[in-house]
file data-v2.cif (mmCIF, C-alpha atoms and all ligand atoms)
data_target
#
loop_
_atom_site.label_atom_id
_atom_site.label_comp_id
_atom_site.auth_asym_id
_atom_site.auth_seq_id
_atom_site.Cartn_x
_atom_site.Cartn_y
_atom_site.Cartn_z
CA MET F 6 64.06 62.46 -117.03
CA ARG F 7 60.88 63.35 -118.82
CA THR F 8 61.26 65.75 -121.70
CA TYR F 9 58.34 67.58 -123.19
CA ILE F 10 58.36 68.27 -126.88
CA LYS F 11 55.67 70.85 -127.28
CA ASP F 12 53.93 71.38 -130.61
CA ALA F 13 55.47 74.81 -130.87
CA LEU F 14 58.93 73.28 -130.42
CA LYS F 15 58.49 70.35 -132.81
CA LYS F 16 59.62 72.23 -135.91
CA THR F 17 62.69 73.54 -134.11
CA GLY F 18 63.77 70.11 -132.81
CA LYS F 19 64.03 71.51 -129.29
CA VAL F 20 62.85 69.98 -126.00
CA GLU F 21 61.54 71.47 -122.79
CA VAL F 22 62.18 70.09 -119.32
CA VAL F 23 61.06 71.19 -115.88
CA GLY F 24 62.63 69.96 -112.68
CA TRP F 25 64.67 70.57 -109.55
CA VAL F 26 68.36 71.55 -109.63
CA HIS F 27 70.15 68.59 -108.12
CA ASP F 28 73.74 69.67 -108.56
CA SER F 29 75.88 72.18 -110.40
CA ARG F 30 79.56 72.28 -111.30
CA ALA F 31 81.79 74.82 -112.96
CA LEU F 32 84.72 73.72 -115.10
CA GLY F 33 86.47 76.70 -116.70
CA LYS F 34 84.06 78.08 -119.26
CA ILE F 35 81.62 75.17 -118.88
CA ARG F 36 78.75 74.87 -116.44
CA PHE F 37 77.15 71.51 -115.72
CA LEU F 38 73.82 71.40 -114.03
CA VAL F 39 71.97 68.19 -113.12
CA LEU F 40 68.23 68.54 -113.25
CA LYS F 41 65.95 65.95 -111.61
CA ASP F 42 62.27 65.08 -111.58
CA ILE F 43 60.36 62.03 -110.36
CA SER F 44 61.34 60.09 -113.50
CA GLY F 45 65.11 60.65 -113.37
CA ARG F 46 67.95 63.07 -114.05
CA ILE F 47 69.49 64.90 -117.00
CA GLN F 48 72.57 67.03 -117.45
CA ILE F 49 72.29 70.59 -118.75
CA THR F 50 75.60 71.68 -120.28
CA THR F 51 76.37 75.32 -120.95
CA ILE F 52 79.51 76.61 -122.65
CA LYS F 53 80.39 80.32 -122.32
CA GLY F 54 80.18 82.01 -125.68
CA LYS F 55 77.80 79.35 -127.08
CA VAL F 56 74.80 80.59 -125.09
CA SER F 57 73.66 84.12 -124.43
CA GLU F 58 75.41 85.99 -121.63
CA GLU F 59 72.03 86.17 -119.88
CA VAL F 60 71.58 82.36 -119.76
CA PHE F 61 75.18 81.87 -118.60
CA LYS F 62 74.76 84.35 -115.74
CA LEU F 63 71.47 82.77 -114.70
CA ILE F 64 73.07 79.31 -114.54
CA ASP F 65 75.71 80.64 -112.15
CA SER F 66 73.08 82.13 -109.86
CA ILE F 67 70.64 79.21 -109.59
CA SER F 68 70.56 77.68 -106.11
CA ARG F 69 70.32 73.95 -105.49
CA GLU F 70 66.76 72.47 -105.32
CA SER F 71 65.31 75.47 -107.20
CA VAL F 72 62.70 74.60 -109.81
CA ILE F 73 63.56 75.63 -113.36
CA ARG F 74 62.35 75.28 -116.93
CA VAL F 75 64.92 74.64 -119.65
CA ILE F 76 64.37 74.80 -123.41
CA GLY F 77 67.17 73.54 -125.58
CA ASN F 78 68.62 70.88 -127.84
CA LEU F 79 68.83 67.28 -126.69
CA LYS F 80 72.15 65.69 -127.60
CA VAL F 81 73.59 62.23 -127.24
CA SER F 82 76.67 62.47 -125.02
CA LYS F 83 78.90 59.65 -123.89
CA GLN F 84 80.21 61.61 -120.90
CA ALA F 85 76.82 62.73 -119.56
CA PRO F 86 75.15 60.53 -116.94
CA GLY F 87 72.30 58.71 -118.72
CA GLY F 88 73.99 59.27 -122.11
CA LYS F 89 72.14 62.48 -122.97
CA GLU F 90 72.45 66.18 -122.24
CA ILE F 91 70.58 69.36 -123.06
CA ILE F 92 72.29 72.42 -124.50
CA PRO F 93 70.01 75.22 -123.30
CA ASN F 94 68.77 78.23 -125.25
CA LYS F 95 66.43 79.43 -122.56
CA ILE F 96 66.27 78.95 -118.79
CA GLU F 97 63.53 80.21 -116.51
CA ILE F 98 63.42 80.03 -112.72
CA ILE F 99 60.00 78.77 -111.65
CA ALA F 100 60.64 78.63 -107.88
CA LYS F 101 63.83 79.64 -106.15
CA ALA F 102 65.07 77.52 -103.22
CA GLU F 103 66.29 79.55 -100.27
CA GLN F 104 69.79 78.81 -99.00
CA PRO F 105 71.16 77.28 -96.89
CA LEU F 106 68.97 74.19 -97.23
CA LEU F 107 67.65 72.91 -93.89
CA ILE F 108 68.97 69.37 -94.37
CA ASP F 109 71.54 67.60 -96.50
CA VAL F 110 69.62 66.45 -99.58
CA SER F 111 72.53 64.78 -101.35
CA ASP F 112 72.35 61.09 -102.26
CA ARG F 113 74.43 60.21 -99.20
CA SER F 114 72.70 62.61 -96.82
CA LYS F 115 74.48 63.00 -93.50
CA THR F 116 71.42 64.42 -91.76
CA GLU F 117 70.02 62.08 -89.06
CA LEU F 118 66.51 60.65 -89.47
CA PRO F 119 64.68 62.81 -86.85
CA LYS F 120 65.86 66.03 -88.51
CA ARG F 121 65.09 64.65 -91.97
CA LEU F 122 61.57 63.90 -90.73
CA ASP F 123 61.24 67.44 -89.32
CA TYR F 124 61.81 68.69 -92.87
CA ARG F 125 60.17 65.79 -94.69
CA PHE F 126 59.14 68.05 -97.62
CA LEU F 127 62.83 68.53 -98.43
CA ASP F 128 63.70 64.91 -97.69
CA PHE F 129 61.19 64.00 -100.44
CA HIS F 130 63.54 65.70 -102.93
CA ARG F 131 65.94 62.77 -102.48
CA GLN F 132 66.03 59.90 -104.98
CA LYS F 133 66.23 57.24 -102.24
CA ILE F 134 63.17 58.55 -100.45
CA GLN F 135 61.24 58.77 -103.72
CA ALA F 136 62.28 55.16 -104.46
CA ILE F 137 60.82 53.96 -101.14
CA PHE F 138 57.45 55.58 -101.77
CA LYS F 139 57.27 54.56 -105.43
CA ILE F 140 57.69 50.96 -104.25
CA GLN F 141 55.14 51.47 -101.46
CA SER F 142 52.71 52.74 -104.07
CA THR F 143 53.24 49.53 -106.09
CA ILE F 144 52.63 47.47 -102.93
CA SER F 145 49.30 49.07 -102.03
CA MET F 146 48.11 49.24 -105.64
CA LYS F 147 48.88 45.54 -106.24
CA PHE F 148 47.36 44.53 -102.90
CA ARG F 149 44.05 46.16 -103.76
CA GLU F 150 44.09 44.98 -107.38
CA HIS F 151 44.89 41.36 -106.41
CA PHE F 152 41.82 41.04 -104.23
CA VAL F 153 39.43 43.16 -106.28
CA LYS F 154 40.24 40.84 -109.23
CA LYS F 155 39.28 37.90 -107.00
CA GLY F 156 35.86 39.44 -106.33
CA PHE F 157 36.59 41.07 -102.96
CA ILE F 158 34.56 44.20 -102.19
CA GLU F 159 36.57 47.18 -101.07
CA MET F 160 35.28 48.66 -97.81
CA GLN F 161 35.90 51.91 -95.95
CA PRO F 162 35.64 51.23 -92.19
CA PRO F 163 34.98 53.98 -89.62
CA SER F 164 37.93 55.73 -87.96
CA ILE F 165 35.96 56.65 -84.85
CA ILE F 166 34.77 53.73 -82.76
CA SER F 167 32.98 53.25 -79.45
CA SER F 168 34.90 50.27 -78.00
CA ALA F 169 38.23 48.47 -78.31
CA SER F 170 38.75 45.76 -80.88
CA GLU F 171 42.31 44.73 -80.04
CA GLY F 172 42.29 44.90 -76.20
CA GLY F 173 41.67 47.89 -73.99
CA THR F 174 45.14 49.36 -73.46
CA GLU F 175 46.10 50.92 -76.75
CA LEU F 176 43.27 53.34 -77.48
CA PHE F 177 43.44 57.04 -78.25
CA PRO F 178 40.35 58.66 -76.72
CA ALA F 179 38.43 61.10 -78.91
CA LYS F 180 35.76 63.61 -78.00
CA TYR F 181 32.50 62.71 -79.67
CA PHE F 182 29.77 65.07 -78.45
CA GLU F 183 28.59 63.66 -75.10
CA LYS F 184 29.74 60.09 -75.84
CA LYS F 185 33.02 58.33 -75.19
CA ALA F 186 34.81 57.48 -78.42
CA TYR F 187 38.22 56.30 -79.65
CA LEU F 188 40.32 56.29 -82.78
CA ALA F 189 40.04 52.89 -84.49
CA GLN F 190 42.76 50.37 -83.60
CA SER F 191 41.76 48.15 -86.50
CA PRO F 192 38.87 47.60 -88.93
CA GLN F 193 38.48 44.17 -87.28
CA LEU F 194 34.87 44.12 -86.14
CA TYR F 195 33.61 45.96 -89.21
CA LYS F 196 35.32 43.78 -91.79
CA GLN F 197 33.82 40.75 -90.06
CA MET F 198 30.32 42.20 -90.35
CA VAL F 199 30.90 42.87 -94.05
CA ALA F 200 32.32 39.38 -94.72
CA CYS F 201 29.32 37.80 -92.98
CA SER F 202 27.03 39.23 -95.64
CA MET F 203 29.13 40.14 -98.67
CA GLU F 204 31.55 37.19 -98.27
CA LYS F 205 34.86 38.77 -99.25
CA THR F 206 36.15 42.20 -98.34
CA VAL F 207 39.42 44.11 -98.66
CA THR F 208 40.56 47.44 -97.23
CA ILE F 209 43.62 49.62 -96.74
CA THR F 210 42.94 51.89 -93.81
CA PRO F 211 44.77 53.95 -91.18
CA VAL F 212 44.66 52.69 -87.58
CA TRP F 213 45.85 54.24 -84.33
CA ARG F 214 47.63 52.49 -81.49
CA ALA F 215 48.39 54.43 -78.31
CA GLU F 216 51.40 52.27 -77.46
CA LYS F 217 53.78 54.36 -75.39
CA HIS F 218 56.97 52.58 -76.38
CA ASN F 219 59.18 54.00 -79.10
CA THR F 220 60.62 51.25 -81.27
CA VAL F 221 61.97 50.95 -84.80
CA ARG F 222 59.04 48.70 -85.78
CA HIS F 223 56.07 50.53 -84.25
CA LEU F 224 54.17 53.67 -85.20
CA ASN F 225 51.23 55.20 -83.37
CA GLU F 226 49.44 55.62 -86.68
CA CYS F 227 49.92 53.01 -89.37
CA ARG F 228 48.10 51.73 -92.42
CA GLN F 229 46.71 48.19 -92.40
CA MET F 230 46.03 46.08 -95.49
CA ASP F 231 43.22 43.75 -94.41
CA ILE F 232 41.04 41.06 -95.85
CA GLU F 233 38.16 39.06 -94.41
CA MET F 234 36.49 36.04 -96.05
CA ALA F 235 33.47 33.92 -95.26
CA PHE F 236 33.45 30.11 -95.51
CA VAL F 237 37.21 29.65 -95.02
CA GLY F 238 39.41 28.66 -92.08
CA GLN F 239 42.91 29.47 -90.88
CA MET F 240 44.75 27.40 -93.53
CA GLU F 241 42.91 28.85 -96.54
CA ILE F 242 43.27 32.43 -95.33
CA MET F 243 47.04 32.00 -94.86
CA LYS F 244 47.26 30.71 -98.44
CA GLN F 245 45.56 33.94 -99.56
CA MET F 246 48.43 35.85 -97.95
CA GLU F 247 51.08 33.66 -99.52
CA ASP F 248 49.52 34.36 -102.94
CA VAL F 249 49.21 38.13 -102.51
CA VAL F 250 52.72 38.57 -101.08
CA LYS F 251 54.19 36.61 -104.01
CA ASP F 252 52.12 38.70 -106.41
CA ILE F 253 53.23 41.99 -104.79
CA VAL F 254 56.92 41.03 -104.77
CA SER F 255 56.72 39.95 -108.44
CA GLU F 256 55.10 43.28 -109.31
CA VAL F 257 57.78 45.26 -107.43
CA LEU F 258 60.47 43.28 -109.28
CA LYS F 259 58.77 44.05 -112.58
CA ASN F 260 57.83 47.70 -111.95
CA ASN F 261 60.53 49.02 -109.66
CA LYS F 262 63.84 47.62 -110.88
CA LYS F 263 65.35 51.10 -110.96
CA GLU F 264 64.16 51.93 -107.44
CA LEU F 265 65.46 48.61 -106.05
CA ASP F 266 68.86 49.43 -107.59
CA ILE F 267 68.84 52.92 -106.06
CA LEU F 268 68.15 51.36 -102.66
CA GLY F 269 70.62 48.51 -103.22
CA VAL F 270 67.92 45.94 -102.43
CA LYS F 271 68.11 42.42 -103.83
CA LEU F 272 64.62 41.05 -103.77
CA LYS F 273 63.36 37.51 -104.44
CA VAL F 274 59.84 36.14 -104.61
CA PRO F 275 59.58 34.36 -101.23
CA LYS F 276 58.76 30.75 -100.53
CA ALA F 277 56.21 29.86 -97.84
CA LYS F 278 56.55 27.67 -94.76
CA TYR F 279 53.65 26.60 -92.57
CA ILE F 280 54.61 25.58 -89.03
CA SER F 281 52.53 25.25 -85.85
CA TYR F 282 53.20 27.30 -82.71
CA ASP F 283 54.08 24.04 -80.88
CA GLU F 284 56.73 23.10 -83.45
CA THR F 285 58.08 26.66 -83.48
CA ALA F 286 58.39 26.72 -79.68
CA LYS F 287 60.39 23.47 -79.85
CA LEU F 288 62.53 24.71 -82.72
CA LEU F 289 63.38 28.01 -81.00
CA LYS F 290 63.51 26.47 -77.53
CA ILE F 291 61.02 28.92 -76.05
CA ARG F 292 58.71 28.13 -73.16
CA TYR F 293 55.22 27.02 -74.22
CA GLY F 294 52.83 29.95 -73.88
CA GLU F 295 55.46 32.61 -74.51
CA ASP F 296 55.12 35.14 -77.30
CA LEU F 297 57.86 35.30 -79.95
CA SER F 298 60.37 38.03 -79.16
CA PRO F 299 61.92 40.13 -81.96
CA GLU F 300 65.05 37.94 -81.59
CA ASN F 301 62.94 34.78 -82.00
CA GLU F 302 61.41 36.21 -85.16
CA ARG F 303 64.83 36.99 -86.60
CA GLU F 304 66.11 33.52 -85.69
CA LEU F 305 63.11 31.87 -87.33
CA CYS F 306 63.73 33.77 -90.55
CA LYS F 307 67.39 32.78 -90.51
CA LYS F 308 66.31 29.15 -90.37
CA PHE F 309 64.00 29.70 -93.35
CA PRO F 310 65.61 32.36 -95.57
CA HIS F 311 63.59 34.12 -98.32
CA THR F 312 60.46 32.60 -96.82
CA ILE F 313 57.25 33.88 -95.28
CA VAL F 314 56.90 31.76 -92.18
CA PHE F 315 53.29 31.19 -91.13
CA VAL F 316 53.26 30.22 -87.47
CA HIS F 317 49.76 28.88 -86.93
CA SER F 318 47.57 27.44 -84.16
CA TRP F 319 48.75 29.78 -81.37
CA PRO F 320 47.75 29.38 -77.72
CA VAL F 321 44.39 31.06 -77.02
CA SER F 322 46.07 33.08 -74.25
CA LEU F 323 48.24 34.94 -76.79
CA LYS F 324 45.49 35.80 -79.26
CA PRO F 325 42.68 38.40 -79.16
CA PHE F 326 39.19 37.52 -77.91
CA TYR F 327 37.73 37.18 -81.43
CA ILE F 328 40.05 34.33 -82.53
CA MET F 329 38.36 30.95 -82.69
CA PRO F 330 39.55 28.37 -80.13
CA LYS F 331 40.25 24.89 -81.56
CA GLU F 332 37.15 22.67 -81.85
CA GLN F 333 35.02 25.75 -81.04
CA ASP F 334 35.66 24.92 -77.38
CA ALA F 335 35.95 27.79 -74.85
CA ASN F 336 38.34 25.66 -72.78
CA ALA F 337 40.70 24.75 -75.62
CA LYS F 338 44.34 25.72 -75.13
CA LEU F 339 45.08 26.30 -78.82
CA SER F 340 43.41 28.57 -81.34
CA GLU F 341 42.89 29.00 -85.06
CA GLY F 342 45.07 32.14 -85.02
CA PHE F 343 48.42 32.75 -86.73
CA ASP F 344 51.24 35.22 -87.25
CA ALA F 345 53.20 35.66 -90.49
CA ILE F 346 56.90 36.38 -90.13
CA TYR F 347 58.96 37.61 -93.05
CA GLY F 348 62.35 39.30 -93.32
CA GLY F 349 62.86 38.88 -89.56
CA VAL F 350 59.66 40.67 -88.43
CA GLU F 351 56.00 39.91 -87.86
CA ILE F 352 54.25 41.41 -90.86
CA SER F 353 50.77 40.13 -90.14
CA SER F 354 48.43 38.32 -87.82
CA GLY F 355 45.02 36.81 -88.34
CA GLY F 356 43.00 33.64 -88.18
CA GLN F 357 39.53 32.20 -88.00
CA ARG F 358 37.01 34.28 -86.01
CA ILE F 359 34.36 33.32 -83.50
CA HIS F 360 30.99 33.55 -85.24
CA ILE F 361 29.01 31.87 -82.43
CA PRO F 362 27.51 34.49 -80.03
CA ASP F 363 27.60 32.36 -76.84
CA LEU F 364 31.20 31.34 -77.42
CA LEU F 365 32.12 34.96 -78.16
CA ILE F 366 30.57 36.12 -74.86
CA LYS F 367 32.52 33.44 -72.99
CA MET F 368 35.80 34.45 -74.64
CA LEU F 369 35.18 38.18 -74.01
CA LYS F 370 34.70 37.42 -70.30
CA LYS F 371 37.80 35.20 -70.27
CA LYS F 372 39.82 38.13 -71.62
CA GLY F 373 38.42 40.42 -68.91
CA LEU F 374 36.26 42.42 -71.35
CA ASN F 375 32.64 43.38 -70.78
CA PRO F 376 30.28 41.72 -73.31
CA LYS F 377 27.90 44.69 -72.89
CA ASP F 378 30.50 46.89 -74.63
CA PHE F 379 30.37 44.54 -77.61
CA LYS F 380 26.60 44.04 -77.82
CA HIS F 381 26.25 45.31 -81.41
CA TYR F 382 29.14 43.17 -82.52
CA VAL F 383 27.93 39.98 -80.78
CA ASP F 384 24.36 40.50 -82.02
CA SER F 385 25.59 40.76 -85.61
CA PHE F 386 26.32 37.03 -85.48
CA ARG F 387 22.78 36.06 -84.43
CA PHE F 388 21.11 36.32 -87.82
CA GLY F 389 22.89 34.06 -90.27
CA ALA F 390 26.63 34.54 -89.81
CA PRO F 391 28.87 31.95 -91.46
CA PHE F 392 32.32 30.92 -90.24
CA HIS F 393 34.96 33.30 -91.55
CA SER F 394 38.64 34.29 -91.35
CA GLY F 395 40.94 37.19 -92.15
CA TRP F 396 44.21 38.93 -91.49
CA SER F 397 46.00 42.25 -91.60
CA ILE F 398 49.39 43.24 -92.99
CA GLY F 399 50.91 46.54 -91.82
CA LEU F 400 51.76 48.56 -94.93
CA GLU F 401 54.73 50.37 -93.37
CA ARG F 402 55.96 47.21 -91.61
CA PHE F 403 55.77 45.29 -94.89
CA THR F 404 57.61 48.06 -96.78
CA GLN F 405 60.25 48.14 -94.05
CA CYS F 406 60.83 44.40 -94.27
CA LEU F 407 60.82 44.25 -98.09
CA LEU F 408 63.32 47.10 -98.41
CA ASN F 409 65.40 46.18 -95.41
CA LEU F 410 64.89 49.57 -93.74
CA TYR F 411 66.28 49.84 -90.24
CA ASN F 412 63.53 52.13 -88.94
CA ILE F 413 59.82 51.84 -89.81
CA ARG F 414 59.62 55.65 -89.91
CA GLU F 415 61.55 55.50 -93.20
CA ALA F 416 58.55 53.65 -94.65
CA CYS F 417 55.99 56.25 -93.58
CA MET F 418 55.66 59.61 -95.33
CA PHE F 419 54.54 61.45 -92.20
CA PRO F 420 55.16 59.23 -89.18
CA ARG F 421 53.28 59.65 -85.93
CA ASP F 422 55.14 58.40 -82.89
CA ARG F 423 55.32 59.11 -79.15
CA ASP F 424 57.16 62.39 -79.80
CA ARG F 425 56.14 63.35 -83.31
CA LEU F 426 52.95 65.04 -84.38
CA VAL F 427 54.41 67.30 -87.08
CA PRO F 428 54.75 67.71 -89.99
P1 LIG D 501 47.78 43.16 -85.21
O1 LIG D 501 47.54 44.04 -84.05
O2 LIG D 501 48.74 42.03 -85.03
O3 LIG D 501 46.43 42.47 -85.67
O4 LIG D 501 48.22 44.03 -86.45
C1 LIG D 501 48.39 43.47 -87.73
C2 LIG D 501 49.62 44.03 -88.40
O5 LIG D 501 49.55 45.45 -88.45
C3 LIG D 501 50.85 45.99 -88.28
N1 LIG D 501 50.89 46.80 -87.04
C4 LIG D 501 51.70 47.84 -86.85
N2 LIG D 501 52.62 48.42 -87.64
C5 LIG D 501 53.30 49.47 -87.14
N3 LIG D 501 53.10 49.99 -85.91
C6 LIG D 501 52.18 49.45 -85.08
N4 LIG D 501 51.98 49.99 -83.87
C7 LIG D 501 51.44 48.33 -85.53
N5 LIG D 501 50.46 47.56 -84.99
C8 LIG D 501 50.15 46.64 -85.92
C9 LIG D 501 51.81 44.82 -88.18
C10 LIG D 501 50.91 43.74 -87.65
O6 LIG D 501 51.40 42.45 -87.97
N6 LIG D 501 42.88 42.92 -86.33
C11 LIG D 501 44.11 42.17 -86.30
C12 LIG D 501 44.40 41.49 -87.60
C13 LIG D 501 43.40 40.42 -88.01
O7 LIG D 501 43.23 39.44 -87.24
O8 LIG D 501 42.78 40.56 -89.08
C14 LIG D 501 45.28 43.13 -85.94
O9 LIG D 501 45.16 44.33 -86.04
O10 LIG D 501 52.28 44.53 -89.48
#

call {"tool": "encode", "arguments": {"input": "data-v2.cif", "output": "structure tokens"}}
result
Amino acid sequence: MRTYIKDALKKTGKVEVVGWVHDSRALGKIRFLVLKDISGRIQITTIKGKVSEEVFKLIDSISRESVIRVIGNLKVSKQAPGGKEIIPNKIEIIAKAEQPLLIDVSDRSKTELPKRLDYRFLDFHRQKIQAIFKIQSTISMKFREHFVKKGFIEMQPPSIISSASEGGTELFPAKYFEKKAYLAQSPQLYKQMVACSMEKTVTITPVWRAEKHNTVRHLNECRQMDIEMAFVGQMEIMKQMEDVVKDIVSEVLKNNKKELDILGVKLKVPKAKYISYDETAKLLKIRYGEDLSPENERELCKKFPHTIVFVHSWPVSLKPFYIMPKEQDANAKLSEGFDAIYGGVEISSGGQRIHIPDLLIKMLKKKGLNPKDFKHYVDSFRFGAPFHSGWSIGLERFTQCLLNLYNIREACMFPRDRDRLVP
């Protein structure tokens, strides 16, 4: 718990704290109150007769989750959680919390997830929830820092787009004056254009997927952590992911030890395994040309524990139109595309892109898409576009897998799903 020692208090040896009332207990003539803020907790101990009658009465009347200011003496105390307590001289209520509270905000909350999400602002009062988002903040901060240090340029792609980038079925239509528009499914086409001139780009951006199914690993709005790089192929771009994931996990271990303890998560810097789709299909005994099911992904991770498994060289039929076929051949069966599987779920997909306009037109047609809808995109490769590759990691999916959360909604402050548009 942060304590403020204001100049005016220095001479008196007193401290000031502000925070939320987490818990209060009465024991005869003693009142214990646990105050919390984002940095931790501290006990406020009041003994009748040793504080003014006014302070004692106020302590008895303060409701849980109210915000208060306490000025008093900080004392070392073996019995107090954290080894310290404050003996108050002055208490002020900054914001009273109405009672009853709408959800159970105790450490072992019994309120089910949907109701907790309905009242997310109160759910955020809980230490476990704060721990998840402190770790998520480390993840996104380290992701950006890792690539900016390597000379990647951060980009801000548009959120309103005119045509699909990940197939036509998952788009949210948007009104855009007299034109047809959609919410972006991915920064895909834009990051490619940037990489083809500025070589290396990184972004963290929201995307929208109008998938109708409700699962514990899908959201209709999620954040993607993407990179795109010129002059590299599938293998080099996967290595970039191995490096950043190891860097992020190391940073979480260094920065968020307390939060990992609160969540009971034992984390290890992962190893990496590179395996082709063909070998994976044999290993898991799946039919060639079939996608990996969630069970297959879990099984693969059991075979390679504490490992990011890069399944590379997928069949063309299972990858989007922009993924390069092997040997730059429109009739090739295999592609330069991959998926990364970690903690039992797919956290990312990517690969080498098609930078050759004629080949791109052929592949668009093969996928049943109209090249006319992609004219701007195709034309961007006509004037000096090098070969390039990239990938995308879902921020919430990655947080879910790192922290072993059952439902991806736990890893999103304000989830958007088939049924949820508020808060
Ligand atoms: P893909 O569609 O596989 O690829 O998405 C990449 C990663 O984004 C996350 N993700 C999601 N997370 C939660 N809910 C969803 N509905 C959802 N959809 C995707 C996952 C997934 O692995 N443009 C390509 C990437 C590339 O080639 O650069 C793409 O978007 O973690």

call {"tool": "closest_residue", "arguments": {"input": "data-v2.cif", "among": "F:Phe326, F:Met243, F:Leu426, F:Arg125", "to": "Phe343 (chain F)", "atoms": "all atoms listed in the file"}}
result
F:Met243

call {"tool": "residues_near_ligand", "arguments": {"input": "data-v2.cif", "ligand": "ligand LIG 501 (chain D)", "cutoff": "8 Å", "atoms": "all atoms listed in the file", "output": "number ranges by chain"}}
result
F: 170-171, 190-193, 213-216, 222-233, 328, 342, 344-345, 351-356, 394-403, 413

call {"tool": "atom_distance", "arguments": {"input": "data-v2.cif", "atom1": "CA of Tyr279 (chain F)", "atom2": "CA of Lys154 (chain F)"}}
result
25.7 Å

call {"tool": "closest_residue", "arguments": {"input": "data-v2.cif", "among": "F:Arg74, F:Lys80, F:Arg358, F:Arg121", "to": "Ile98 (chain F)", "atoms": "only C-alpha atoms"}}
result
F:Arg74

call {"tool": "atom_distance", "arguments": {"input": "data-v2.cif", "atom1": "CA of Asn301 (chain F)", "atom2": "CA of Glu247 (chain F)"}}
result
21.2 Å

call {"tool": "residues_around", "arguments": {"input": "data-v2.cif", "residues": "Ile64 (chain F)", "least_positions_apart": "5", "cutoff": "12 Å", "atoms": "all atoms listed in the file", "output": "PDB file with C-alpha atoms, in the frame of the given file"}}
result
ATOM      1  CA  VAL F  26      68.360  71.550-109.630  1.00  0.00           C
ATOM      2  CA  ASP F  28      73.740  69.670-108.560  1.00  0.00           C
ATOM      3  CA  SER F  29      75.880  72.180-110.400  1.00  0.00           C
ATOM      4  CA  ARG F  30      79.560  72.280-111.300  1.00  0.00           C
ATOM      5  CA  ALA F  31      81.790  74.820-112.960  1.00  0.00           C
ATOM      6  CA  ILE F  35      81.620  75.170-118.880  1.00  0.00           C
ATOM      7  CA  ARG F  36      78.750  74.870-116.440  1.00  0.00           C
ATOM      8  CA  PHE F  37      77.150  71.510-115.720  1.00  0.00           C
ATOM      9  CA  LEU F  38      73.820  71.400-114.030  1.00  0.00           C
ATOM     10  CA  VAL F  39      71.970  68.190-113.120  1.00  0.00           C
ATOM     11  CA  LEU F  40      68.230  68.540-113.250  1.00  0.00           C
ATOM     12  CA  ILE F  49      72.290  70.590-118.750  1.00  0.00           C
ATOM     13  CA  THR F  50      75.600  71.680-120.280  1.00  0.00           C
ATOM     14  CA  THR F  51      76.370  75.320-120.950  1.00  0.00           C
ATOM     15  CA  ILE F  52      79.510  76.610-122.650  1.00  0.00           C
ATOM     16  CA  LYS F  53      80.390  80.320-122.320  1.00  0.00           C
ATOM     17  CA  VAL F  56      74.800  80.590-125.090  1.00  0.00           C
ATOM     18  CA  SER F  57      73.660  84.120-124.430  1.00  0.00           C
ATOM     19  CA  GLU F  58      75.410  85.990-121.630  1.00  0.00           C
ATOM     20  CA  GLU F  59      72.030  86.170-119.880  1.00  0.00           C
ATOM     21  CA  ARG F  69      70.320  73.950-105.490  1.00  0.00           C
ATOM     22  CA  SER F  71      65.310  75.470-107.200  1.00  0.00           C
ATOM     23  CA  ILE F  73      63.560  75.630-113.360  1.00  0.00           C
ATOM     24  CA  ARG F  74      62.350  75.280-116.930  1.00  0.00           C
ATOM     25  CA  VAL F  75      64.920  74.640-119.650  1.00  0.00           C
ATOM     26  CA  PRO F  93      70.010  75.220-123.300  1.00  0.00           C
ATOM     27  CA  ASN F  94      68.770  78.230-125.250  1.00  0.00           C
ATOM     28  CA  LYS F  95      66.430  79.430-122.560  1.00  0.00           C
ATOM     29  CA  ILE F  96      66.270  78.950-118.790  1.00  0.00           C
ATOM     30  CA  GLU F  97      63.530  80.210-116.510  1.00  0.00           C
ATOM     31  CA  ILE F  98      63.420  80.030-112.720  1.00  0.00           C
TER      32      ILE F  98
END

call {"tool": "closest_residue", "arguments": {"input": "data-v2.cif", "among": "F:Thr404, F:Ser322, F:Thr17, F:Ser340", "to": "Asp296 (chain F)", "atoms": "all atoms listed in the file"}}
result
F:Ser322

call {"tool": "closest_residue", "arguments": {"input": "data-v2.cif", "among": "F:Ala85, F:Leu127, F:Ile67, F:Leu32", "to": "Met418 (chain F)", "atoms": "all atoms listed in the file"}}
result
F:Leu127

call {"tool": "closest_atom_pairs", "arguments": {"input": "data-v2.cif", "of": "region 141-167 of chain F", "to": "region 198-212 of chain F", "cutoff": "9 Å", "atoms": "all atoms listed in the file", "output": "tab-separated table"}}
result
residue	atom	partner	partner_atom	distance
F:Ser145	CA	F:Ile209	CA	7.8
F:Phe148	CA	F:Ile209	CA	8.8
F:Arg149	CA	F:Val207	CA	7.2
F:Phe152	CA	F:Val207	CA	6.8
F:Val153	CA	F:Val207	CA	7.7
F:Lys155	CA	F:Lys205	CA	9.0
F:Gly156	CA	F:Lys205	CA	7.2
F:Phe157	CA	F:Lys205	CA	4.7
F:Ile158	CA	F:Thr206	CA	4.6
F:Glu159	CA	F:Val207	CA	4.8
F:Met160	CA	F:Thr208	CA	5.5
F:Gln161	CA	F:Thr208	CA	6.6
F:Pro162	CA	F:Thr210	CA	7.5
F:Ser164	CA	F:Val212	CA	7.4

call {"tool": "residues_around", "arguments": {"input": "data-v2.cif", "residues": "region 384-393 of chain F", "least_positions_apart": "3", "cutoff": "7 Å", "atoms": "only C-alpha atoms", "output": "number ranges by chain"}}
result
F: 198, 201, 234-238, 357-358, 360-362, 380-381

call {"tool": "atom_distance", "arguments": {"input": "data-v2.cif", "atom1": "CA of Tyr347 (chain F)", "atom2": "CA of Ala416 (chain F)"}}
result
16.1 Å
